[in-house]
There are 2 protein chains.
Amino acid sequence: MARWEPNAHERLERAALEAFAEHGYDATTVTGIADRAGLTKSTFFRHFADKREVLFGGQDVLSALFSEAIRTAPPAASTVECLAAALAAAAVAFTPERHDLAPQREAVITANSELQERQLLKRARLASAMAEALRGRGADDTTARLAAQMGVLAFSTAYARWAVPANRHTFTEIAHAALRDLQTRATALGTEADAGAGVRA
Amino acid sequence: MARWEPNAHERLERAALEAFAEHGYDATTVTGIADRAGLTKSTFFRHFADKREVLFGGQDVLSALFSEAIRTAPPAASTVECLAAALAAAAVAFTPERHDLAPQREAVITANSELQERQLLKRARLASAMAEALRGRGADDTTARLAAQMGVLAFSTAYARWAVPANRHTFTEIAHAALRDLQTRATALGTEADAGAGVRA
C-alpha cells in the first residue's frame with residue numbers, strides 16, 4: 001500500500017467523527033477509525049497521536065497562531081489590538097471543511113464529561129500561552145492574565161457562533177464582534193461599586 | 001488500633017508534603033505517607049481518595065464556598081460584590097495551619113508538570129462553578145463568564161500573596177485588593193481602541 005494517501009488527515013477525521021457519533025467515543029478504536037477511512041492503523045498514527053487528538057490536535061496549532069500573532073503585532077499595538085490580531089490569525093484554521101465537521105465534533109465533546117474536561121484544560125492552556133506572549137511584549141502580569149482570559153472567551157464564544165450550520169460570517173468578523181462585546185462587559189465590571197468596600201477596616 | 005485518630009487529616013497532609021519534598025511526588029506512595037504519619041493506609045483512604053487529593057482536595061470545598069456565597073449574596077448585590085462575597089467566604093479555608101503548609105504545597109506543584117496541569121484544570125473548574133452561580137442570579141452568559149475569570153484571577157493572585165511566609169494580612173484583605181486591581185485593568189482594557197476596527201469592512 002502506498003505510504004502517501006491523498007487527504008488522509010481529513011478522511012481520518014471524518015471517519016473518526018462518524019464512528020464517535022455511531023458507537024460513542026469510548027467504544028471507538030483507532031483500528032475502527034482506520035478501517036472506516038479505508039486506511040491503515042499506521043497511517044492513522046502518522047497523523048494523530050491517539051483518537052483524542054482527532055478532536056483536540058488543532059488546539060496546539062491555535063496556540064502557536066495566537067502566540068505568533070501577538071509577538072509580531074506592531075510595537076504600538078494596544079493589548080486589545082494584540083488580542084484582535086491573535087483572533088484574526090486563528091481564522092486560517094476555520095475553513096469551510098472545518099465548518100462542516102464542527103457540529104459533529106461539538107456533539108461528541110458535549111456527550112462525554114472526560115472530553116469536556118479536556119476542552120476546559122486546552123482552553124486554559126491557550127490562555128496561558130496568550131498571557132505569556134503578552135508578557136513578552138511588556139504587559140504586566142495581571143493585565144496579561146486578564147486580557148488572555150478575554151481573548152480565550154472571545155475565541156470560545158466566536159467558535160460556538162461560527163460553528164452553527166447556518167452561519168455565513170467569517171470567523172474573524174464573529175471573533176472581533178465577540179471581543180468588542182467583552183470590552184463592554186469589562187468596562188461595566190470595572191466600574192461597578194468598589195469590591196469589598198463594606199468589609200474593609 | 002483505634003479507628004479514630006486525633007488530627008489524622010492534618011498529620012497525613014504534613015507527612016505527604018514532607019515525603020513529596022524528600023522523595024519527589026511520583027516516587028511517594030500512600031503506604032509511605034501513612035507510615036510517616038504513624039497511621040494505616042486505610043486511615044489515609046478515609047481522608048483522601050489518593051495522594052493527589054492531598055494537594056487538591058481543598059478545591060472542591062472552595063468551589064462549594066464560592067457558589068454558595070454567590071447564591072446567597074443580597075439580591076441587590078452587583079456582580080463584583082458577588083465576587084467579593086465569594087472571596088470572603090473562601091477565607092475560612094485559609095487558616096494559619098494552611099499558611100504554614102502552603103510553601104511546601106506550592107513547591108511540590110511547581111516541580112511537577114502533571115500537577116501544574118491539574119491546578120490549571122481545577123482553576124478552570126472553579127471559574128465554571130462561579131459562572132454557573134452568577135448565571136443563576138440572572139447575569140447574562142458573557143458577563144458571568146468574564147466575571148468568573150476575574151474572580152478566579154483574584155483568587156489565584158491572592159492565594160500566591162497570602163502564602164508568602166512573611167505575609168500577615170488576612171486572605172480576604174488580600175483578595176479584595178486583588179479584585180479591585182483587576183477592576184482597574186478591566187476598565188483599561190474595556191476602553192482601549194475598538195478591537196478589530198482596522199479590519200472591518
# chains A, B, ... in the order shown; residues from 1 in each chain; ligands from 1
$ interface_residues --of "chain A" --to "chain B" --cutoff "9 Å" --atoms "only C-alpha atoms" --output "VMD selection string"
chain A and resid 78 to 85 88 117 to 118 120 to 125 142 to 143 145 to 147 149 to 150 153 157 172 to 173 176 to 177 179 to 197 199 to 200
$ write_last_selection --atoms "C-alpha atoms" --output "mmCIF file, in the first residue's frame"
data_model
loop_
_atom_site.group_PDB
_atom_site.id
_atom_site.type_symbol
_atom_site.label_atom_id
_atom_site.label_comp_id
_atom_site.auth_asym_id
_atom_site.auth_seq_id
_atom_site.Cartn_x
_atom_site.Cartn_y
_atom_site.Cartn_z
ATOM 1 C CA SER A 78 -2.583 48.040 22.396
ATOM 2 C CA THR A 79 -3.281 44.861 24.378
ATOM 3 C CA VAL A 80 -6.756 44.545 22.871
ATOM 4 C CA GLU A 81 -5.367 45.102 19.366
ATOM 5 C CA CYS A 82 -2.981 42.222 20.066
ATOM 6 C CA LEU A 83 -5.946 40.022 21.012
ATOM 7 C CA ALA A 84 -7.752 41.091 17.831
ATOM 8 C CA ALA A 85 -4.661 40.180 15.789
ATOM 9 C CA ALA A 88 -7.670 37.100 13.104
ATOM 10 C CA GLU A 117 -12.737 18.447 30.868
ATOM 11 C CA ARG A 118 -10.076 18.092 28.178
ATOM 12 C CA LEU A 120 -11.543 23.110 29.564
ATOM 13 C CA LEU A 121 -7.863 22.273 30.067
ATOM 14 C CA LYS A 122 -6.960 23.042 26.445
ATOM 15 C CA ARG A 123 -8.591 26.439 26.721
ATOM 16 C CA ALA A 124 -6.815 27.145 29.995
ATOM 17 C CA ARG A 125 -3.572 26.329 28.178
ATOM 18 C CA THR A 142 -2.187 40.972 35.937
ATOM 19 C CA THR A 143 -3.153 42.734 32.705
ATOM 20 C CA ARG A 145 -3.646 37.236 32.520
ATOM 21 C CA LEU A 146 -6.935 39.158 32.418
ATOM 22 C CA ALA A 147 -6.516 40.046 28.738
ATOM 23 C CA GLN A 149 -8.891 35.281 29.543
ATOM 24 C CA MET A 150 -10.783 37.852 27.480
ATOM 25 C CA LEU A 153 -13.571 33.892 25.991
ATOM 26 C CA THR A 157 -17.828 32.396 22.057
ATOM 27 C CA THR A 172 -12.653 36.946 12.186
ATOM 28 C CA GLU A 173 -15.840 39.033 11.922
ATOM 29 C CA HIS A 176 -13.912 40.672 16.678
ATOM 30 C CA ALA A 177 -17.559 41.329 17.494
ATOM 31 C CA LEU A 179 -14.119 40.799 21.646
ATOM 32 C CA ARG A 180 -15.822 44.207 21.406
ATOM 33 C CA ASP A 181 -18.733 42.791 23.397
ATOM 34 C CA LEU A 182 -16.319 41.574 26.090
ATOM 35 C CA GLN A 183 -14.724 45.016 26.233
ATOM 36 C CA THR A 184 -18.141 46.490 27.007
ATOM 37 C CA ARG A 185 -18.662 43.962 29.836
ATOM 38 C CA ALA A 186 -15.134 44.573 31.133
ATOM 39 C CA THR A 187 -15.809 48.298 31.404
ATOM 40 C CA ALA A 188 -19.105 47.635 33.174
ATOM 41 C CA LEU A 189 -17.479 45.237 35.678
ATOM 42 C CA GLY A 190 -14.512 47.556 36.142
ATOM 43 C CA THR A 191 -16.682 50.491 37.079
ATOM 44 C CA GLU A 192 -19.051 48.662 39.452
ATOM 45 C CA ALA A 193 -19.011 49.642 43.144
ATOM 46 C CA ASP A 194 -15.630 49.208 44.821
ATOM 47 C CA ALA A 195 -15.243 45.500 45.623
ATOM 48 C CA GLY A 196 -15.185 44.710 49.319
ATOM 49 C CA ALA A 197 -15.765 48.336 50.321
ATOM 50 C CA VAL A 199 -15.659 44.798 54.702
ATOM 51 C CA ARG A 200 -12.569 46.973 54.931
#
$ residues_around --residues "B:Lys51" --least-positions-apart "3" --cutoff "8 Å" --atoms "only C-alpha atoms" --output "ChimeraX atom specification"
/B:16,29-30,48,54-55
$ closest_residue --among "A:Ala34, A:Ala73, A:Ala102, A:Leu39" --to "A:Ala89" --atoms "only C-alpha atoms"
A:Ala73
$ closest_residue --among "A:Asp50, A:Gly151, A:Gly32, A:Gly58" --to "A:Arg98" --atoms "only C-alpha atoms"
A:Gly58
$ residues_around --residues "B:Glu18" --least-positions-apart "5" --cutoff "12 Å" --atoms "only C-alpha atoms" --output "MDAnalysis selection string"
chainID B and resid 11:13 23:25 28 32:34 36:37 54 101 103:105 107:108
$ atom_distance --atom1 "atom CA of A:Ala160" --atom2 "atom CA of A:Glu22"
22.8 Å
